[in-house]
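Working notes for the structure below.
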Amino acid sequence: MPLALRPMSPRDPHEHHRVATTLELFFDLVTVLAIAAAAAGFHHSISAGHGLEGLPRFAFLFMAIWWAWMNVTWFASAFDNDDAVYRILLMVIMGGELIFAGTATRIYETMDLGLGIIGWVIMRFGMIALWLRAAAGSPEHKTTALRYAGGIFVAQLYWVMLYLFADPASPWFYVIGFAGYIVELAVPVYAERARQTPFNRHHIIERYGLLMIISLGEIVLAISYGYGLLNEAESPLAVALCATSALVIVFAIWWVYFCEDEHMPKTDLTHAILWGYGHVFIFAATAALGSAIAASLDVAAQEAETIQAEVSKWLGISLALGTATLWFVRDRHHLLSGRIALSLPVMSVVYLIAGFLGLPVWGFAILAVLTVIWRSPPARADAA
């Protein structure tokens with residue numbers, strides 16, 4: 001492509017055959033690395049019997065990674081003009097995320113943002129520049145774009161102040177930190193009230209599906225880790241059973257998530273916000289499930305400092321959270337038959353109970369298959 005410059009005009013939200021670009025897929029590659037670092041830290045915490053201590057660290061890191069992805073994804077859906085400046089700014093954001101991803105392990109262990117805050121500043125600089133371009137190129141969305149740019153700047157000041165003045169060792173650090181995410185989450189709500197940006201529904205559904213695949217990749221990585229233990233484990237059959245059961249689980253999660261094409265039947269602001277934000281619980285739960293499965297494999301290989309009954313709590317919580325949230329953001333908006341409509345709410349409760357009863361991984365595999373059988377039959381209905 002020549003180094004051309006084009007106005008950053010809004011794209012047609014009804015554009016046919018709109019798919020993710022290669023640059024967006026390239027951006028996702030950086031997201032993969034960041035999520036893997038956060039999930040690895042949580043895996044070691046669960047395996048060491050400190051899952052509850054590691055949970056806020058994992059949640060803090062995952063929120064940051066997801067939010068960086070969210071900012072780019074929704075902006076691109078509405079304003080991606082694929083000119084040279086757009087590409088360069090997105091590459092700047094990718095560079096910032098790589099810095100953040102490279103320090104993710106240290107952040108998880110110490111909660112000291114360190115160089116991570118530099119990566120975050122670089123990412124936000126790129127996003128502010130993109131929104132200022134959108135304000136200049138789209139008069140009808142100028143107020144919205146300027147609100148985004150200003151809101152991101154204010155939120156970034158908050159993070160810099162957090163880094164400079166908050167003690168990472170203090171329990172209050174998490175309270176202050178998660179308050180920062182409330183500020184971040186409020187920016188789109190405030191900005192979009194001026195005029196909603198013209199995102200492409202099918203493009204957003206595809207992008208979220210791709211991030212779901214990335215999250216499932218954490219489970220696949222754990223399974224690969226398990227099969228790699230077979231040559232060294234004292235109980236190879238136990239490890240093989242655990243890894244194969246996890247393989248059934250990841251296939252079942254994929255099946256249930258992608259059994260409906262119409263993931264987002266409405267495009268009004270309230271629905272878009274709840275659908276878009278709600279998915280963070282699905283993505284985080286899926287990545288956390290990968291961590292719990294990896295810890296279960298440690299138990300099977302007799303390399304963990306905890307027992308399976310404790311790890312099973314995290315398996316159950318992760319599956320329950322992901323399943324319940326999928327019902328909230330997707331299934332409750334479809335006119336499903338009574339039997340199918342109950343599948344995800346009921347199974348989320350079953351997963352949670354099974355976790356606290358200490359069900360082994362193969363037991364969760366059976367429950368996952370039952371979930372597929374119960375939920376997957378197509379129920380053609382219009383959106384409510």
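Going through the structure tokens in order, the chains are called A, B, and so on, while each chain numbers its residues from 1 and the ligands are numbered from 1 in the order shown.
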### Task
Find the spatial neighbours of Asn81 (chain A), counting only C-alpha atoms, within a cut-off of 8 Å - ignore same-chain residues fewer than 5 positions away - and output them as a PyMOL selection string.
chain A and resi 6-9+11+86
Region 101-111 of chain A environment, 6 Å, only C-alpha atoms, sequence neighbours closer than 3 positions dropped, as an mmCIF file with C-alpha atoms, in the first residue's frame:
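Result written to result04.cif:
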```
data_model
loop_
_atom_site.group_PDB
_atom_site.id
_atom_site.type_symbol
_atom_site.label_atom_id
_atom_site.label_comp_id
_atom_site.auth_asym_id
_atom_site.auth_seq_id
_atom_site.Cartn_x
_atom_site.Cartn_y
_atom_site.Cartn_z
ATOM 1 C CA ALA A 34 -0.005 -10.942 27.402
ATOM 2 C CA ALA A 37 1.737 -14.371 30.983
ATOM 3 C CA ARG A 57 -3.517 -10.147 40.619
ATOM 4 C CA GLU A 97 1.337 -3.613 24.619
ATOM 5 C CA LEU A 98 4.461 -5.681 24.023
ATOM 6 C CA GLY A 116 4.520 -1.673 32.382
ATOM 7 C CA PRO A 168 1.847 -2.060 45.552
#
```
### Task
Please provide as a PyMOL selection string all residues within 8 Å of Gly126 (chain A), with the sequence filter that same-chain residues fewer than 4 positions apart are discarded (counting only C-alpha atoms).
chain A and resi 89-90+92-93+122+130
For the residues in the current selection, export all heavy atoms as a PDB file, in the first residue's frame.
```pdb
ATOM      1  N   LEU A  89       0.048   4.140  13.833  1.00  0.00           N
ATOM      2  CA  LEU A  89      -0.452   4.343  15.197  1.00  0.00           C
ATOM      3  C   LEU A  89      -0.831   3.013  15.842  1.00  0.00           C
ATOM      4  O   LEU A  89      -0.605   2.808  17.039  1.00  0.00           O
ATOM      5  CB  LEU A  89      -1.634   5.299  15.192  1.00  0.00           C
ATOM      6  CG  LEU A  89      -1.298   6.780  14.951  1.00  0.00           C
ATOM      7  CD1 LEU A  89      -2.564   7.605  14.832  1.00  0.00           C
ATOM      8  CD2 LEU A  89      -0.417   7.323  16.090  1.00  0.00           C
ATOM      9  N   LEU A  90      -1.421   2.114  15.067  1.00  0.00           N
ATOM     10  CA  LEU A  90      -1.761   0.804  15.629  1.00  0.00           C
ATOM     11  C   LEU A  90      -0.495   0.034  15.977  1.00  0.00           C
ATOM     12  O   LEU A  90      -0.443  -0.679  16.991  1.00  0.00           O
ATOM     13  CB  LEU A  90      -2.617   0.009  14.643  1.00  0.00           C
ATOM     14  CG  LEU A  90      -3.427  -1.135  15.269  1.00  0.00           C
ATOM     15  CD1 LEU A  90      -4.374  -0.600  16.344  1.00  0.00           C
ATOM     16  CD2 LEU A  90      -4.224  -1.879  14.212  1.00  0.00           C
ATOM     17  N   VAL A  92       2.263   1.446  16.952  1.00  0.00           N
ATOM     18  CA  VAL A  92       2.729   2.091  18.187  1.00  0.00           C
ATOM     19  C   VAL A  92       2.018   1.468  19.386  1.00  0.00           C
ATOM     20  O   VAL A  92       2.648   1.129  20.407  1.00  0.00           O
ATOM     21  CB  VAL A  92       2.486   3.609  18.137  1.00  0.00           C
ATOM     22  CG1 VAL A  92       2.672   4.235  19.520  1.00  0.00           C
ATOM     23  CG2 VAL A  92       3.422   4.279  17.139  1.00  0.00           C
ATOM     24  N   ILE A  93       0.704   1.288  19.258  1.00  0.00           N
ATOM     25  CA  ILE A  93      -0.072   0.668  20.339  1.00  0.00           C
ATOM     26  C   ILE A  93       0.417  -0.756  20.584  1.00  0.00           C
ATOM     27  O   ILE A  93       0.571  -1.199  21.734  1.00  0.00           O
ATOM     28  CB  ILE A  93      -1.573   0.684  19.989  1.00  0.00           C
ATOM     29  CG1 ILE A  93      -2.092   2.127  19.943  1.00  0.00           C
ATOM     30  CG2 ILE A  93      -2.374  -0.129  21.008  1.00  0.00           C
ATOM     31  CD1 ILE A  93      -3.488   2.263  19.367  1.00  0.00           C
ATOM     32  N   ILE A 122       2.288   4.477  26.237  1.00  0.00           N
ATOM     33  CA  ILE A 122       2.458   4.422  24.782  1.00  0.00           C
ATOM     34  C   ILE A 122       1.166   3.979  24.111  1.00  0.00           C
ATOM     35  O   ILE A 122       0.744   4.556  23.090  1.00  0.00           O
ATOM     36  CB  ILE A 122       3.622   3.473  24.423  1.00  0.00           C
ATOM     37  CG1 ILE A 122       4.948   4.065  24.896  1.00  0.00           C
ATOM     38  CG2 ILE A 122       3.658   3.210  22.921  1.00  0.00           C
ATOM     39  CD1 ILE A 122       6.115   3.112  24.765  1.00  0.00           C
ATOM     40  N   LEU A 130      -5.554   8.431  17.580  1.00  0.00           N
ATOM     41  CA  LEU A 130      -6.577   7.889  16.684  1.00  0.00           C
ATOM     42  C   LEU A 130      -7.904   8.608  16.862  1.00  0.00           C
ATOM     43  O   LEU A 130      -8.587   8.954  15.884  1.00  0.00           O
ATOM     44  CB  LEU A 130      -6.745   6.391  16.929  1.00  0.00           C
ATOM     45  CG  LEU A 130      -5.635   5.480  16.396  1.00  0.00           C
ATOM     46  CD1 LEU A 130      -5.842   4.046  16.872  1.00  0.00           C
ATOM     47  CD2 LEU A 130      -5.583   5.524  14.864  1.00  0.00           C
TER      48      LEU A 130
END
```
### Task
Find the residues near Met264 (chain A): any atom within 8 Å, counting only C-alpha atoms, skip ones fewer than 4 places away on the same chain, and give them as a VMD selection string.
chain A and resid 201 205 272 275 329 to 330
Go ahead and save the residues from that selection, with N, CA, C and O atoms, as an mmCIF file, in the first residue's frame.
```cif
data_model
loop_
_atom_site.group_PDB
_atom_site.id
_atom_site.type_symbol
_atom_site.label_atom_id
_atom_site.label_comp_id
_atom_site.auth_asym_id
_atom_site.auth_seq_id
_atom_site.Cartn_x
_atom_site.Cartn_y
_atom_site.Cartn_z
ATOM 1 N N ARG A 201 -21.666 -4.714 13.380
ATOM 2 C CA ARG A 201 -22.066 -5.779 14.304
ATOM 3 C C ARG A 201 -21.381 -7.101 13.977
ATOM 4 O O ARG A 201 -20.865 -7.787 14.872
ATOM 5 N N ILE A 205 -18.723 -9.188 16.308
ATOM 6 C CA ILE A 205 -18.969 -10.583 16.701
ATOM 7 C C ILE A 205 -17.775 -11.457 16.323
ATOM 8 O O ILE A 205 -17.330 -12.306 17.104
ATOM 9 N N ALA A 272 -25.115 -2.915 23.608
ATOM 10 C CA ALA A 272 -23.724 -3.012 23.158
ATOM 11 C C ALA A 272 -22.754 -2.934 24.333
ATOM 12 O O ALA A 272 -21.763 -3.672 24.388
ATOM 13 N N TRP A 275 -23.158 -6.233 26.440
ATOM 14 C CA TRP A 275 -22.593 -7.350 25.672
ATOM 15 C C TRP A 275 -21.080 -7.224 25.613
ATOM 16 O O TRP A 275 -20.350 -8.194 25.854
ATOM 17 N N VAL A 329 -25.187 -12.540 28.367
ATOM 18 C CA VAL A 329 -24.909 -11.670 27.227
ATOM 19 C C VAL A 329 -25.526 -12.182 25.929
ATOM 20 O O VAL A 329 -25.742 -11.403 25.001
ATOM 21 N N ARG A 330 -25.835 -13.473 25.850
ATOM 22 C CA ARG A 330 -26.347 -14.015 24.582
ATOM 23 C C ARG A 330 -27.699 -14.692 24.709
ATOM 24 O O ARG A 330 -28.691 -14.231 24.133
#
```
#### Entry: Contacts of Ala36 (chain A) at 9 Å (only C-alpha atoms; same-chain gap of 4+ positions) as a PyMOL selection string
chain A and resi 31-32+40-41+215+217-218+221+287
Return as a tab-separated table the residues of region 38-148 of chain A lying at most 10 Å from region 187-196 of chain A, together with the closest atom-to-atom pair for each and the distance in Å to one decimal, counting only C-alpha atoms, with rows in chain order and ascending residue number.
```
residue	atom	partner	partner_atom	distance
A:Asn71	CA	A:Pro188	CA	9.3
A:Ala78	CA	A:Gln196	CA	9.9
A:Glu140	CA	A:Arg195	CA	7.9
A:His141	CA	A:Arg195	CA	6.3
A:Lys142	CA	A:Arg195	CA	8.9
A:Thr143	CA	A:Ala194	CA	6.4
A:Thr144	CA	A:Ala191	CA	4.9
A:Ala145	CA	A:Ala191	CA	7.2
A:Leu146	CA	A:Ala191	CA	8.1
A:Arg147	CA	A:Ala191	CA	5.1
A:Tyr148	CA	A:Ala191	CA	5.7
```
### Task
Considering only C-alpha atoms, return as a ChimeraX atom specification whatever protein or nucleic-acid residues lie within 12 Å of Asp80 (chain A), sequence-local ones (same chain, fewer than 3 positions apart) excluded.
/A:6-13,18-21,23-24,72-77,83-87,89-90,130-131,133-134,137,198-200,203
### Message
Calculated over only C-alpha atoms, which of the candidates A:Gly51, A:Phe328, A:Ile118, A:Val175 has the smallest distance to Leu274 (chain A)?
### Response
A:Phe328
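For the choices A:Ile373, A:Ser296, A:Thr306, A:Met70, the atom-to-atom distance to Ile273 (chain A) is smallest for A:Met70 when using only C-alpha atoms.
The smallest atom-to-atom distance between Trp159 (chain A) and any of A:Ile293, A:Ala64, A:Leu132, A:Leu230, using only C-alpha atoms, is found for A:Ala64.
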### Message
Give me, as a PyMOL selection string, the residues of region 75-128 of chain A that a backbone DSSP run labels helix (DSSP H, G or I).
### Response
chain A and resi 75-79+84-102+104-110+116-128
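Counting only C-alpha atoms, Leu162 (chain A) has the following residues at most 12 Å away, ignoring those fewer than 2 positions along the same chain: Met111, Asp112, Leu113, Gly114, Ile117, Ala155, Gln156, Leu157, Tyr158, Trp159, Val160, Leu164, Phe165, Ala166, Asp167, Pro168, Trp172, Phe173, Tyr174, Val175, Ile176, Gly177, Phe178, Ala179, Gly180 and Tyr181 of chain A.
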Preceding selection exported with C-alpha atoms as a JSON list (two decimals), in the first residue's frame:
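Okay, selection-v8.json is ready:
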```
[["chain", "number", "residue", "atom", "x", "y", "z"],
["A", 111, "MET", "CA", 2.11, -5.59, 41.49],
["A", 112, "ASP", "CA", 4.84, -3.06, 40.77],
["A", 113, "LEU", "CA", 3.85, -1.59, 37.41],
["A", 114, "GLY", "CA", 7.46, -0.60, 36.64],
["A", 117, "ILE", "CA", 3.28, 1.87, 32.98],
["A", 155, "ALA", "CA", -7.73, 7.82, 32.91],
["A", 156, "GLN", "CA", -4.06, 7.70, 31.97],
["A", 157, "LEU", "CA", -3.27, 10.45, 34.47],
["A", 158, "TYR", "CA", -4.98, 8.29, 37.11],
["A", 159, "TRP", "CA", -2.69, 5.34, 36.31],
["A", 160, "VAL", "CA", 0.43, 7.48, 36.44],
["A", 164, "LEU", "CA", 3.85, 7.27, 41.60],
["A", 165, "PHE", "CA", 2.01, 7.35, 44.92],
["A", 166, "ALA", "CA", 0.31, 4.00, 45.65],
["A", 167, "ASP", "CA", 2.20, 1.25, 47.51],
["A", 168, "PRO", "CA", 1.85, -2.06, 45.55],
["A", 172, "TRP", "CA", -5.63, -0.69, 49.23],
["A", 173, "PHE", "CA", -3.65, -0.87, 45.99],
["A", 174, "TYR", "CA", -6.26, -3.24, 44.54],
["A", 175, "VAL", "CA", -9.13, -0.98, 45.61],
["A", 176, "ILE", "CA", -7.48, 2.06, 44.05],
["A", 177, "GLY", "CA", -6.43, 0.03, 41.01],
["A", 178, "PHE", "CA", -9.88, -1.36, 40.26],
["A", 179, "ALA", "CA", -11.30, 2.14, 40.76],
["A", 180, "GLY", "CA", -9.10, 3.08, 37.82],
["A", 181, "TYR", "CA", -10.89, 0.51, 35.71]]
```
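Of the residues under consideration (A:Tyr351, A:Met91, A:Arg332, A:Phe251), A:Arg332 shows the shortest atom-to-atom contact distance to His271 (chain A) when counting only C-alpha atoms.
For the residues A:Ile249, A:Leu185, A:Phe283, A:Val299, ranking by smallest atom-to-atom distance to Ala233 (chain A) using only C-alpha atoms places A:Val299 first.
Closest to Val30 (chain A) among A:Val350, A:Ile340, A:Ala169, A:Leu211 is A:Leu211, based on only C-alpha atoms.
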